[in-house]
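Asker: For reference, the file my_file_8.txt (compact mmCIF, C-alpha atoms and all ligand atoms) is included below:
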# COMPACT_ATOMS: atom_id res chain seq x y z
CA MET A 1 24.65 26.29 29.02
CA THR A 2 25.81 23.40 31.18
CA LEU A 3 27.70 24.50 34.22
CA PRO A 4 30.73 22.27 34.66
CA LEU A 5 31.01 21.18 38.28
CA ALA A 6 34.11 19.86 40.00
CA ALA A 7 34.20 16.07 39.88
CA ARG A 8 34.43 15.81 43.67
CA VAL A 9 30.82 16.93 44.03
CA SER A 10 29.64 13.92 42.08
CA ARG A 11 31.18 11.68 44.74
CA LEU A 12 28.90 13.10 47.46
CA GLY A 13 25.72 11.22 48.30
CA VAL A 14 22.52 12.55 49.82
CA GLU A 15 20.16 11.60 52.63
CA GLY A 16 17.05 9.74 51.45
CA ALA A 17 15.02 11.16 54.32
CA PHE A 18 15.11 14.65 52.86
CA ASP A 19 14.00 13.36 49.42
CA VAL A 20 11.04 11.48 50.89
CA LEU A 21 10.13 14.50 53.03
CA ALA A 22 9.98 16.64 49.87
CA ARG A 23 7.76 14.09 48.12
CA ALA A 24 5.51 13.81 51.18
CA ARG A 25 5.17 17.58 51.38
CA ALA A 26 4.24 17.72 47.67
CA LEU A 27 1.44 15.21 48.34
CA GLU A 28 0.28 17.29 51.32
CA ALA A 29 0.15 20.34 49.06
CA GLN A 30 -2.36 18.35 46.95
CA GLY A 31 -4.50 17.88 50.06
CA ARG A 32 -3.33 14.39 51.09
CA ASN A 33 -3.09 13.46 54.77
CA ILE A 34 0.43 12.15 55.36
CA ILE A 35 1.82 10.48 58.47
CA HIS A 36 5.46 11.53 58.68
CA LEU A 37 7.68 8.68 59.83
CA GLU A 38 10.63 9.51 57.60
CA ILE A 39 12.70 12.18 59.33
CA GLY A 40 15.04 11.41 62.23
CA GLU A 41 14.19 14.37 64.39
CA PRO A 42 12.51 14.31 67.82
CA ASP A 43 8.94 15.63 67.73
CA PHE A 44 9.58 17.32 71.09
CA GLU A 45 10.39 20.94 71.80
CA THR A 46 13.79 22.01 73.09
CA PRO A 47 13.51 22.11 76.94
CA PRO A 48 12.21 25.56 78.06
CA HIS A 49 15.23 26.36 80.26
CA VAL A 50 17.49 25.80 77.24
CA ILE A 51 15.39 28.12 75.09
CA GLU A 52 15.51 30.71 77.88
CA ALA A 53 19.30 30.41 78.05
CA GLY A 54 19.51 30.94 74.29
CA LYS A 55 17.31 34.06 74.47
CA ARG A 56 19.24 35.40 77.42
CA ALA A 57 22.49 34.86 75.56
CA LEU A 58 21.20 36.96 72.67
CA ASP A 59 20.20 39.74 75.08
CA GLU A 60 23.59 39.55 76.76
CA GLY A 61 25.39 40.06 73.47
CA TRP A 62 26.57 36.55 72.59
CA THR A 63 26.15 37.57 68.98
CA HIS A 64 29.79 37.84 67.91
CA TYR A 65 32.47 35.47 66.63
CA GLY A 66 33.72 33.13 69.31
CA PRO A 67 36.74 30.85 69.60
CA THR A 68 37.05 28.47 66.64
CA GLN A 69 37.36 25.44 68.89
CA GLY A 70 34.28 26.45 70.86
CA ASP A 71 33.22 28.22 74.07
CA PRO A 72 35.63 27.13 76.84
CA GLU A 73 32.77 26.89 79.36
CA LEU A 74 30.84 24.56 77.09
CA ARG A 75 33.93 22.44 76.46
CA ALA A 76 34.49 22.19 80.23
CA ALA A 77 30.86 21.09 80.70
CA ILE A 78 31.26 18.43 78.00
CA ALA A 79 34.50 17.20 79.61
CA GLN A 80 32.67 16.86 82.92
CA ARG A 81 29.69 15.09 81.36
CA THR A 82 31.95 12.68 79.47
CA ALA A 83 33.90 11.86 82.62
CA ALA A 84 30.59 10.86 84.23
CA THR A 85 29.19 8.87 81.29
CA HIS A 86 32.40 7.28 79.97
CA GLY A 87 34.56 7.06 83.07
CA ILE A 88 37.46 8.71 81.26
CA THR A 89 39.37 11.92 81.79
CA VAL A 90 38.92 14.35 78.94
CA ASP A 91 40.87 17.60 78.70
CA PRO A 92 38.77 20.44 77.24
CA ALA A 93 41.68 20.85 74.78
CA GLU A 94 40.55 17.52 73.29
CA ILE A 95 37.05 18.83 72.54
CA CYS A 96 35.87 20.86 69.58
CA ILE A 97 32.42 22.38 69.12
CA THR A 98 30.84 22.27 65.67
CA PRO A 99 27.53 23.35 64.07
CA GLY A 100 25.81 19.97 64.55
CA ALA A 101 27.43 16.56 64.80
CA LYS A 102 27.81 16.11 61.06
CA PRO A 103 30.89 18.38 60.75
CA VAL A 104 32.68 16.11 63.24
CA LEU A 105 32.18 13.23 60.81
CA PHE A 106 33.19 15.35 57.83
CA PHE A 107 36.21 17.08 59.35
CA SER A 108 37.68 14.08 61.10
CA MET A 109 37.48 12.09 57.87
CA LEU A 110 38.98 14.93 55.84
CA ALA A 111 41.77 15.20 58.38
CA LEU A 112 42.55 11.48 58.62
CA VAL A 113 41.72 9.60 55.47
CA GLU A 114 43.94 9.56 52.38
CA PRO A 115 42.88 8.38 48.91
CA ASP A 116 42.97 4.57 48.76
CA ASP A 117 42.81 4.18 52.53
CA GLU A 118 40.06 1.80 53.58
CA VAL A 119 37.24 2.79 55.92
CA ILE A 120 35.08 0.15 57.58
CA TYR A 121 31.53 1.26 58.28
CA PRO A 122 28.16 -0.27 59.19
CA ASN A 123 25.70 -1.18 56.44
CA PRO A 124 22.83 -0.48 56.70
CA GLY A 125 24.11 2.75 58.23
CA PHE A 126 23.83 6.52 58.27
CA PRO A 127 24.28 7.33 54.53
CA ILE A 128 26.63 10.23 55.20
CA TYR A 129 29.41 7.80 56.19
CA GLU A 130 29.69 6.25 52.74
CA SER A 131 29.23 9.62 51.07
CA LEU A 132 32.18 11.10 52.99
CA ILE A 133 34.38 8.05 52.43
CA ARG A 134 33.85 8.38 48.68
CA PHE A 135 34.34 12.14 48.85
CA CYS A 136 37.79 11.51 50.40
CA ARG A 137 38.51 9.05 47.54
CA ALA A 138 38.95 6.32 50.12
CA THR A 139 37.62 2.79 49.70
CA PRO A 140 34.33 2.09 51.47
CA VAL A 141 34.40 -1.30 53.23
CA PRO A 142 30.87 -2.05 54.44
CA VAL A 143 30.32 -4.48 57.31
CA PRO A 144 26.82 -5.95 57.28
CA LEU A 145 24.75 -5.61 60.43
CA VAL A 146 23.06 -8.84 61.33
CA GLU A 147 19.40 -8.89 62.37
CA SER A 148 19.83 -12.09 64.40
CA ARG A 149 22.59 -10.36 66.42
CA GLY A 150 20.34 -7.40 67.30
CA PHE A 151 21.87 -5.56 64.33
CA SER A 152 25.38 -5.74 65.69
CA PHE A 153 28.21 -6.82 63.39
CA ASP A 154 29.65 -10.30 63.12
CA LEU A 155 33.16 -10.03 64.54
CA ASP A 156 34.52 -12.71 62.19
CA ILE A 157 33.31 -10.75 59.17
CA LEU A 158 34.77 -7.55 60.56
CA ARG A 159 38.09 -9.28 61.23
CA ASP A 160 38.18 -10.43 57.59
CA LYS A 161 37.60 -6.87 56.40
CA LEU A 162 40.59 -5.47 58.31
CA SER A 163 43.64 -4.88 56.15
CA PRO A 164 46.93 -2.97 56.44
CA ARG A 165 45.12 -0.18 54.56
CA THR A 166 42.31 0.14 57.11
CA ARG A 167 42.59 3.69 58.43
CA LEU A 168 39.28 4.14 60.18
CA ILE A 169 36.45 2.05 61.62
CA ILE A 170 33.10 3.76 62.10
CA LEU A 171 30.86 2.58 64.92
CA ASN A 172 27.36 3.87 65.65
CA SER A 173 25.55 2.66 68.74
CA PRO A 174 22.60 3.00 69.29
CA GLN A 175 22.34 2.85 65.58
CA ASN A 176 20.55 4.67 62.80
CA PRO A 177 18.61 3.08 61.04
CA THR A 178 18.20 -0.18 62.99
CA GLY A 179 17.97 1.02 66.61
CA GLY A 180 20.50 -1.70 67.42
CA VAL A 181 22.93 -1.35 70.32
CA ILE A 182 26.32 -3.05 69.98
CA PRO A 183 26.66 -5.42 72.96
CA ALA A 184 29.46 -4.53 75.39
CA ALA A 185 31.10 -7.91 74.70
CA ASP A 186 31.35 -7.07 70.97
CA ILE A 187 32.88 -3.67 71.74
CA ARG A 188 35.45 -5.34 74.03
CA ALA A 189 36.28 -7.98 71.44
CA LEU A 190 36.70 -5.31 68.77
CA ALA A 191 39.01 -3.28 71.02
CA ASP A 192 41.15 -6.39 71.59
CA LEU A 193 41.29 -6.92 67.85
CA ILE A 194 42.42 -3.42 66.92
CA CYS A 195 44.28 -2.05 69.94
CA ASP A 196 47.68 -2.70 68.36
CA ARG A 197 46.75 -1.60 64.85
CA ASP A 198 47.56 1.75 63.35
CA LEU A 199 44.00 2.92 62.83
CA MET A 200 41.37 5.14 64.44
CA VAL A 201 37.78 4.53 65.48
CA LEU A 202 35.07 7.08 64.79
CA SER A 203 32.42 6.38 67.42
CA ASP A 204 29.17 8.12 66.49
CA GLU A 205 27.36 8.39 69.82
CA ILE A 206 24.64 10.86 68.88
CA TYR A 207 21.96 8.46 70.25
CA ALA A 208 24.05 7.33 73.25
CA ARG A 209 21.57 8.37 75.92
CA ILE A 210 18.48 7.20 74.04
CA TYR A 211 18.50 3.54 75.05
CA PHE A 212 15.92 1.19 76.53
CA GLY A 213 18.01 -1.49 78.24
CA ASP A 214 19.25 -1.44 81.83
CA GLU A 215 22.83 -0.55 80.95
CA PRO A 216 23.95 2.41 78.83
CA PRO A 217 25.67 1.44 75.57
CA LEU A 218 29.41 0.97 76.08
CA SER A 219 31.68 3.43 74.28
CA ILE A 220 34.88 1.92 72.92
CA ALA A 221 36.66 5.06 74.20
CA SER A 222 36.00 3.85 77.76
CA LEU A 223 38.18 0.77 77.32
CA PRO A 224 41.84 0.79 78.38
CA GLY A 225 44.12 2.27 75.74
CA MET A 226 41.28 3.12 73.36
CA GLN A 227 40.66 6.79 74.12
CA ARG A 228 43.75 7.85 72.18
CA LYS A 229 42.49 5.87 69.16
CA THR A 230 38.91 7.13 69.26
CA ILE A 231 37.01 10.12 67.93
CA ILE A 232 33.72 10.52 69.77
CA CYS A 233 31.05 12.27 67.69
CA ASP A 234 28.12 13.56 69.74
CA GLY A 235 25.82 16.53 69.96
CA PHE A 236 22.64 18.12 71.20
CA SER A 237 20.35 17.49 68.20
CA LYS A 238 18.66 14.32 69.37
CA LEU A 239 18.81 14.14 73.18
CA TYR A 240 17.87 17.79 73.72
CA ALA A 241 15.64 18.05 70.64
CA MET A 242 17.91 20.80 69.27
CA THR A 243 18.25 19.82 65.60
CA GLY A 244 17.71 23.37 64.37
CA TRP A 245 20.18 24.97 66.79
CA ARG A 246 23.07 23.17 65.07
CA LEU A 247 25.24 22.17 67.99
CA GLY A 248 27.54 19.17 68.11
CA TYR A 249 30.97 18.23 69.36
CA GLY A 250 33.90 15.93 68.84
CA ILE A 251 36.32 14.48 71.38
CA MET A 252 39.64 13.42 69.87
CA PRO A 253 43.41 13.55 70.35
CA VAL A 254 44.88 17.07 70.24
CA PRO A 255 46.75 16.71 66.90
CA LEU A 256 43.44 15.85 65.27
CA ILE A 257 41.74 18.75 67.07
CA GLU A 258 44.32 21.08 65.53
CA ALA A 259 43.48 19.79 62.05
CA VAL A 260 39.75 20.11 62.71
CA ASN A 261 40.29 23.68 63.96
CA LYS A 262 41.88 24.49 60.61
CA LEU A 263 38.94 22.98 58.75
CA MET A 264 36.57 24.98 60.97
CA VAL A 265 38.44 28.24 60.28
CA ASN A 266 38.22 27.53 56.59
CA SER A 267 34.50 26.75 56.64
CA ASN A 268 32.52 28.10 59.62
CA SER A 269 34.99 30.25 61.60
CA CYS A 270 33.14 29.14 64.74
CA THR A 271 29.84 27.71 65.95
CA ALA A 272 27.09 30.25 66.80
CA SER A 273 27.93 31.83 70.16
CA PHE A 274 24.42 32.03 71.68
CA THR A 275 23.69 28.44 70.65
CA GLN A 276 26.68 27.31 72.68
CA ARG A 277 25.42 29.18 75.76
CA ALA A 278 22.15 27.26 75.38
CA GLY A 279 24.24 24.09 75.19
CA ILE A 280 25.77 24.84 78.59
CA ALA A 281 22.26 25.16 80.04
CA ALA A 282 21.28 21.86 78.40
CA LEU A 283 24.21 19.99 79.97
CA THR A 284 24.18 21.58 83.39
CA GLY A 285 20.42 22.09 83.90
CA PRO A 286 17.65 19.60 84.76
CA GLN A 287 17.63 16.45 82.64
CA ASP A 288 14.02 15.46 83.31
CA SER A 289 12.79 16.40 79.82
CA CYS A 290 15.36 14.02 78.30
CA ASP A 291 14.19 11.25 80.63
CA GLN A 292 10.57 11.93 79.71
CA MET A 293 11.37 11.89 76.01
CA VAL A 294 13.18 8.56 76.27
CA ALA A 295 10.28 7.11 78.31
CA GLU A 296 7.84 8.25 75.64
CA PHE A 297 10.00 6.74 72.86
CA ARG A 298 9.98 3.47 74.79
CA ARG A 299 6.16 3.52 75.05
CA ARG A 300 5.85 4.19 71.33
CA ARG A 301 8.49 1.61 70.44
CA ASP A 302 6.60 -1.10 72.35
CA ALA A 303 3.21 -0.29 70.83
CA PHE A 304 4.38 0.45 67.29
CA CYS A 305 6.65 -2.59 66.96
CA ALA A 306 3.87 -4.80 68.36
CA GLY A 307 1.55 -3.26 65.75
CA LEU A 308 4.03 -3.83 62.91
CA ASN A 309 4.38 -7.45 64.02
CA THR A 310 0.66 -7.98 63.36
CA ILE A 311 1.10 -7.06 59.68
CA GLN A 312 1.36 -10.03 57.38
CA GLY A 313 4.91 -10.37 56.05
CA PHE A 314 6.43 -7.97 58.59
CA ARG A 315 8.83 -9.04 61.34
CA CYS A 316 10.00 -6.20 63.57
CA PRO A 317 12.80 -6.75 66.07
CA ILE A 318 12.43 -4.59 69.17
CA PRO A 319 15.10 -1.86 68.97
CA ASP A 320 17.25 -1.24 72.06
CA GLY A 321 17.91 2.42 71.36
CA ALA A 322 17.49 5.52 69.16
CA PHE A 323 13.98 6.22 67.84
CA TYR A 324 13.61 4.00 64.80
CA ALA A 325 11.84 0.75 63.98
CA PHE A 326 13.46 -1.36 61.27
CA PRO A 327 11.10 -4.20 60.31
CA ASN A 328 12.09 -7.04 58.03
CA ILE A 329 9.52 -7.01 55.21
CA THR A 330 10.81 -9.89 53.08
CA GLY A 331 7.68 -11.87 54.01
CA THR A 332 5.61 -9.46 51.91
CA GLY A 333 7.46 -10.60 48.78
CA ARG A 334 8.11 -6.97 47.85
CA ARG A 335 11.32 -4.98 47.43
CA SER A 336 11.99 -2.31 50.05
CA LYS A 337 11.96 0.71 47.77
CA GLU A 338 8.85 -0.41 45.95
CA LEU A 339 7.00 -0.99 49.23
CA ALA A 340 8.16 2.33 50.72
CA ASP A 341 6.93 4.14 47.58
CA ALA A 342 3.60 2.29 47.71
CA LEU A 343 3.13 3.17 51.39
CA LEU A 344 3.65 6.84 50.63
CA GLN A 345 1.44 6.90 47.53
CA GLU A 346 -1.34 4.55 48.60
CA ALA A 347 -1.36 4.82 52.41
CA GLY A 348 0.04 8.29 52.96
CA VAL A 349 2.68 6.82 55.28
CA ALA A 350 6.12 8.35 54.70
CA CYS A 351 8.94 5.98 55.63
CA LEU A 352 12.32 5.07 54.19
CA SER A 353 13.45 2.06 52.22
CA GLY A 354 16.17 0.14 54.06
CA THR A 355 18.26 0.60 50.91
CA ALA A 356 18.48 4.33 51.66
CA PHE A 357 21.07 3.13 54.21
CA GLY A 358 23.04 0.83 51.92
CA ASP A 359 22.65 -2.41 50.02
CA TYR A 360 22.32 -4.53 53.14
CA GLY A 361 19.17 -2.58 53.95
CA GLU A 362 17.27 -4.49 51.25
CA GLY A 363 14.39 -6.36 52.87
CA TYR A 364 13.79 -3.66 55.52
CA LEU A 365 11.95 -0.38 56.01
CA ARG A 366 12.86 2.37 58.46
CA PHE A 367 10.17 4.14 60.44
CA SER A 368 11.01 7.04 62.74
CA ILE A 369 8.84 6.86 65.87
CA ALA A 370 9.13 10.60 66.35
CA ASN A 371 5.38 11.01 65.92
CA SER A 372 2.46 10.69 68.36
CA LEU A 373 1.29 7.26 69.43
CA PRO A 374 -2.19 7.68 67.84
CA ARG A 375 -0.57 8.63 64.50
CA LEU A 376 1.85 5.69 64.75
CA MET A 377 -1.02 3.29 65.36
CA GLU A 378 -3.00 4.83 62.51
CA ALA A 379 0.04 4.22 60.30
CA VAL A 380 -0.04 0.52 61.26
CA GLU A 381 -3.68 0.30 60.14
CA ARG A 382 -2.98 2.11 56.88
CA ILE A 383 0.01 -0.13 56.13
CA LYS A 384 -2.15 -3.22 56.73
CA GLN A 385 -4.57 -2.07 54.03
CA VAL A 386 -1.79 -1.67 51.46
CA VAL A 387 0.05 -4.87 52.29
CA ARG A 388 -3.18 -6.87 52.17
N1 LIG A 401 24.96 10.66 63.17
C1 LIG A 401 23.84 9.95 63.04
C2 LIG A 401 23.88 8.48 63.16
C3 LIG A 401 22.62 10.59 62.77
O1 LIG A 401 21.50 9.86 62.63
C4 LIG A 401 22.61 12.00 62.62
C5 LIG A 401 21.37 12.73 62.28
O2 LIG A 401 20.41 12.19 61.81
C6 LIG A 401 23.81 12.69 62.77
C7 LIG A 401 24.98 11.99 63.04
C8 LIG A 401 23.90 14.19 62.56
O3 LIG A 401 23.44 14.93 63.63
P1 LIG A 401 23.37 16.53 63.54
O4 LIG A 401 21.99 16.90 63.12
O5 LIG A 401 23.69 17.00 64.94
O6 LIG A 401 24.39 17.00 62.57
Write out the structure in this file as structure tokens.
Ligand code: PLP
Answerer:
Amino acid sequence: MTLPLAARVSRLGVEGAFDVLARARALEAQGRNIIHLEIGEPDFETPPHVIEAGKRALDEGWTHYGPTQGDPELRAAIAQRTAATHGITVDPAEICITPGAKPVLFFSMLALVEPDDEVIYPNPGFPIYESLIRFCRATPVPVPLVESRGFSFDLDILRDKLSPRTRLIILNSPQNPTGGVIPAADIRALADLICDRDLMVLSDEIYARIYFGDEPPLSIASLPGMQRKTIICDGFSKLYAMTGWRLGYGIMPVPLIEAVNKLMVNSNSCTASFTQRAGIAALTGPQDSCDQMVAEFRRRRDAFCAGLNTIQGFRCPIPDGAFYAFPNITGTGRRSKELADALLQEAGVACLSGTAFGDYGEGYLRFSIANSLPRLMEAVERIKQVVR
């Protein structure tokens, strides 16, 4: 019997990383040695004081339902942190806590976007954006990211894509999959372009503190008049290596918070209480493990990208943030998906085709550098064998 599913489910996309992980694990089960460079998850442990805080919270009885919008103490800590990083005043009433950052993307889009609205988003980009736009029956309007501009957008192209139907613009900096950071001048120019328009910006800042330049990436919410038009999506998954704890947050105007609260009540009720206590420890405790992780990512980035640049047909720009390398492989004469499949099958190197992030990802591969330096360098050698 075929089970008839609601049509809306067919509009949802998936994340290529999980597919490749499953295929890589199947090869491992056959005894193959696989170097995992596919999944976007830090290969570090959650800082010990955060784990301790989580355990203590369980012992203290933080095992019950909590407020839908999130633990007030955690929201206050986030408000304080955001004041320091963004130079803006955030009321804890403008913050909601969610199980991971993804629900902030999902709920804010569900709350804002009507069928036939247009949503501008980066391509190549995090595949969930396009999936959610389609789920909402809105029109996806991709803006290509340009390698020669450090994978920022071309403002003229973006201007052309704006229309009276544009409801939302999604920004992601530092970016998945390219590691690009949008230059502050581009953010300022974009703010000038849209400040008088009736639209919102969804600023996905999950990699905001994983950057390698001298200046932190500029958030559009920091610019005059833009906070009321911006949804900041952030969380603990990447910076505090807490992917499995499921802890994220959104900062947005109160009317939108109220809509997101309703969506939370209808889906999760609340985010896990003890996880949120661990989040308070993460924000208010020592930050040295984050600094060490970023320093290690920088070391790996330098060595791995240099290695990739020695492979015939590869050209790897040096990413300014996040923990991905996104080499241009057009010089190999091969298509991205075909090469990614060959690397997995023949070299045992699991990576993603650039097309897993949209059509403009053709000609690129994405490698996560969340693996040890020796394994990354071994991957370079294995790739060389296949490409030769
Ligand atoms: N946004 C981007 C750009 C990401 O790369 C990810 C995770 O890979 C997320 C959001 C989701 O983060 P979380 O695991 O906290 O839901």
Asker: Of the candidates A:Gly40, A:Pro255, A:Gly248, A:Pro327, which shows the shortest atom-to-atom distance to Cys270 in chain A, using all atoms listed in the file?
Answerer: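 Between A:Gly40, A:Pro255, A:Gly248, A:Pro327, the residue approaching Cys270 in chain A most closely is A:Gly248.
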Asker: Show me a table, sorted first by chain and then by increasing residue number, of the residues of range 3-112 of chain A having an atom at most 6 Å from range 349-358 of chain A, each with its shortest atom pair and the distance in Å to one decimal, counting all atoms listed in the file and written as a tab-separated table.
Answerer:
residue	atom	partner	partner_atom	distance
A:Gly16	CA	A:Ala356	CA	5.6
A:Ile34	CA	A:Val349	CA	5.8
A:Ile35	CA	A:Val349	CA	4.9
A:His36	CA	A:Ala350	CA	5.1
A:Leu37	CA	A:Cys351	CA	5.1
A:Glu38	CA	A:Cys351	CA	4.4
Asker: Choose the residue, out of A:Gly150, A:Pro47, A:Pro174, A:Pro115, that has the smallest atom-to-atom separation from ligand LIG 401 (chain A); count all atoms listed in the file.
Answerer: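 Among the listed residues, the smallest separation from ligand LIG 401 (chain A) belongs to A:Pro174.
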Asker: Give me, as a ChimeraX atom specification, the set of residues whose atoms come within 6 Å of any atom of ligand LIG 401 (chain A), counting all atoms listed in the file.
Answerer: /A:40,100-102,126,176,204,206,235,237,243,248
Asker: Which residues of range 240-342 of chain A come within 10 Å of range 181-190 of chain A, and what is each one's closest atom pair and distance in Å (one decimal), counting only C-alpha atoms, sorted by chain and residue number, as a Markdown table?
Answerer:
| residue | atom | partner | partner_atom | distance |
| --- | --- | --- | --- | --- |
| A:Pro319 | CA | A:Val181 | CA | 8.0 |
| A:Asp320 | CA | A:Val181 | CA | 5.9 |
| A:Gly321 | CA | A:Val181 | CA | 6.4 |
| A:Ala322 | CA | A:Val181 | CA | 8.8 |
Asker: Using all atoms listed in the file, can you tell me which of A:Phe326, A:Phe274, A:Tyr207, A:Phe212 comes closest to Tyr240 in chain A?
Answerer: A:Tyr207
Asker: Counting only C-alpha atoms, figure out which residue out of A:Ala272, A:Leu168, A:Cys136, A:Leu223 gets nearest to Trp245 in chain A.
Answerer: A:Ala272
Asker: Could you work out how far CA of Phe367 in chain A lies from CA of Gly333 in chain A, giving the answer in Å with one decimal?
Answerer: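 The value is 19.0 Å.
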Asker: Can you tell me how far CA of Gly125 in chain A sits from CA of Ile78 in chain A, in Å to one decimal?
Answerer: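 We find that CA of Gly125 in chain A and CA of Ile78 in chain A lie 26.2 Å from each other.
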Asker: Residues near Phe107 in chain A, anyone? I mean within 10 Å using all atoms listed in the file, not counting same-chain ones fewer than 6 positions away, as a list in words.
Answerer: Thr98, Leu132, Gly250, Leu256, Ile257, Ala259, Val260, Asn261, Lys262, Leu263 and Met264 of chain A
Asker: CA of Leu193 in chain A and CA of Ile210 in chain A are how many Å apart?
Answerer: 27.5 Å
Asker: With distances taken over all atoms listed in the file, which of A:Asn33, A:Thr85, A:Thr178, A:Gln69 is nearest to Pro317 in chain A?
Answerer: A:Thr178
Asker: Please report as CSV every residue of range 74-139 of chain A lying within 8 Å of range 226-234 of chain A, along with the nearest atom pair and their distance in Å (one decimal), using all atoms listed in the file.
Answerer:
residue,atom,partner,partner_atom,distance
A:Ala101,CA,A:Asp234,CA,5.8
A:Val104,CA,A:Cys233,CA,6.1
A:Leu105,CA,A:Cys233,CA,7.0
A:Ser108,CA,A:Ile231,CA,7.9
Asker: Looking at all atoms listed in the file, which of A:Ser163, A:Gln345, A:Thr68, A:Thr139 is the one that sits closest to Glu114 in chain A?
Answerer: A:Thr139
Asker: Put the listed atoms of range 267-281 of chain A in a box along x, y and z with 5 Å added on every side and give me the centre and edge lengths in Å to one decimal, as AutoDock Vina command-line options.
Answerer:
--center_x 28.6 --center_y 28.1 --center_z 68.3 --size_x 22.8 --size_y 17.9 --size_z 33.4
Asker: Give me, as CSV, the closest atom pair and its distance (Å, one decimal) for every residue of range 33-128 of chain A within a cut-off of 10 Å of range 281-302 of chain A, counting only C-alpha atoms, rows sorted by chain and rising number.
Answerer:
residue,atom,partner,partner_atom,distance
A:Pro42,CA,A:Met293,CA,8.6
A:Asp43,CA,A:Met293,CA,9.4
A:Phe44,CA,A:Met293,CA,7.5
A:Glu45,CA,A:Ser289,CA,9.5
A:Thr46,CA,A:Ser289,CA,8.8
A:Pro47,CA,A:Ser289,CA,6.4
A:Pro48,CA,A:Ser289,CA,9.3
A:His49,CA,A:Ala281,CA,7.1
A:Val50,CA,A:Ala281,CA,5.6
A:Ile51,CA,A:Ala281,CA,9.0
A:Glu52,CA,A:Ala281,CA,9.0
A:Ala53,CA,A:Ala281,CA,6.3
A:Gly54,CA,A:Ala281,CA,8.6
A:Leu74,CA,A:Leu283,CA,8.6
A:Ala77,CA,A:Leu283,CA,6.8
A:Ile78,CA,A:Leu283,CA,7.5
A:Gln80,CA,A:Leu283,CA,9.5
A:Arg81,CA,A:Leu283,CA,7.5
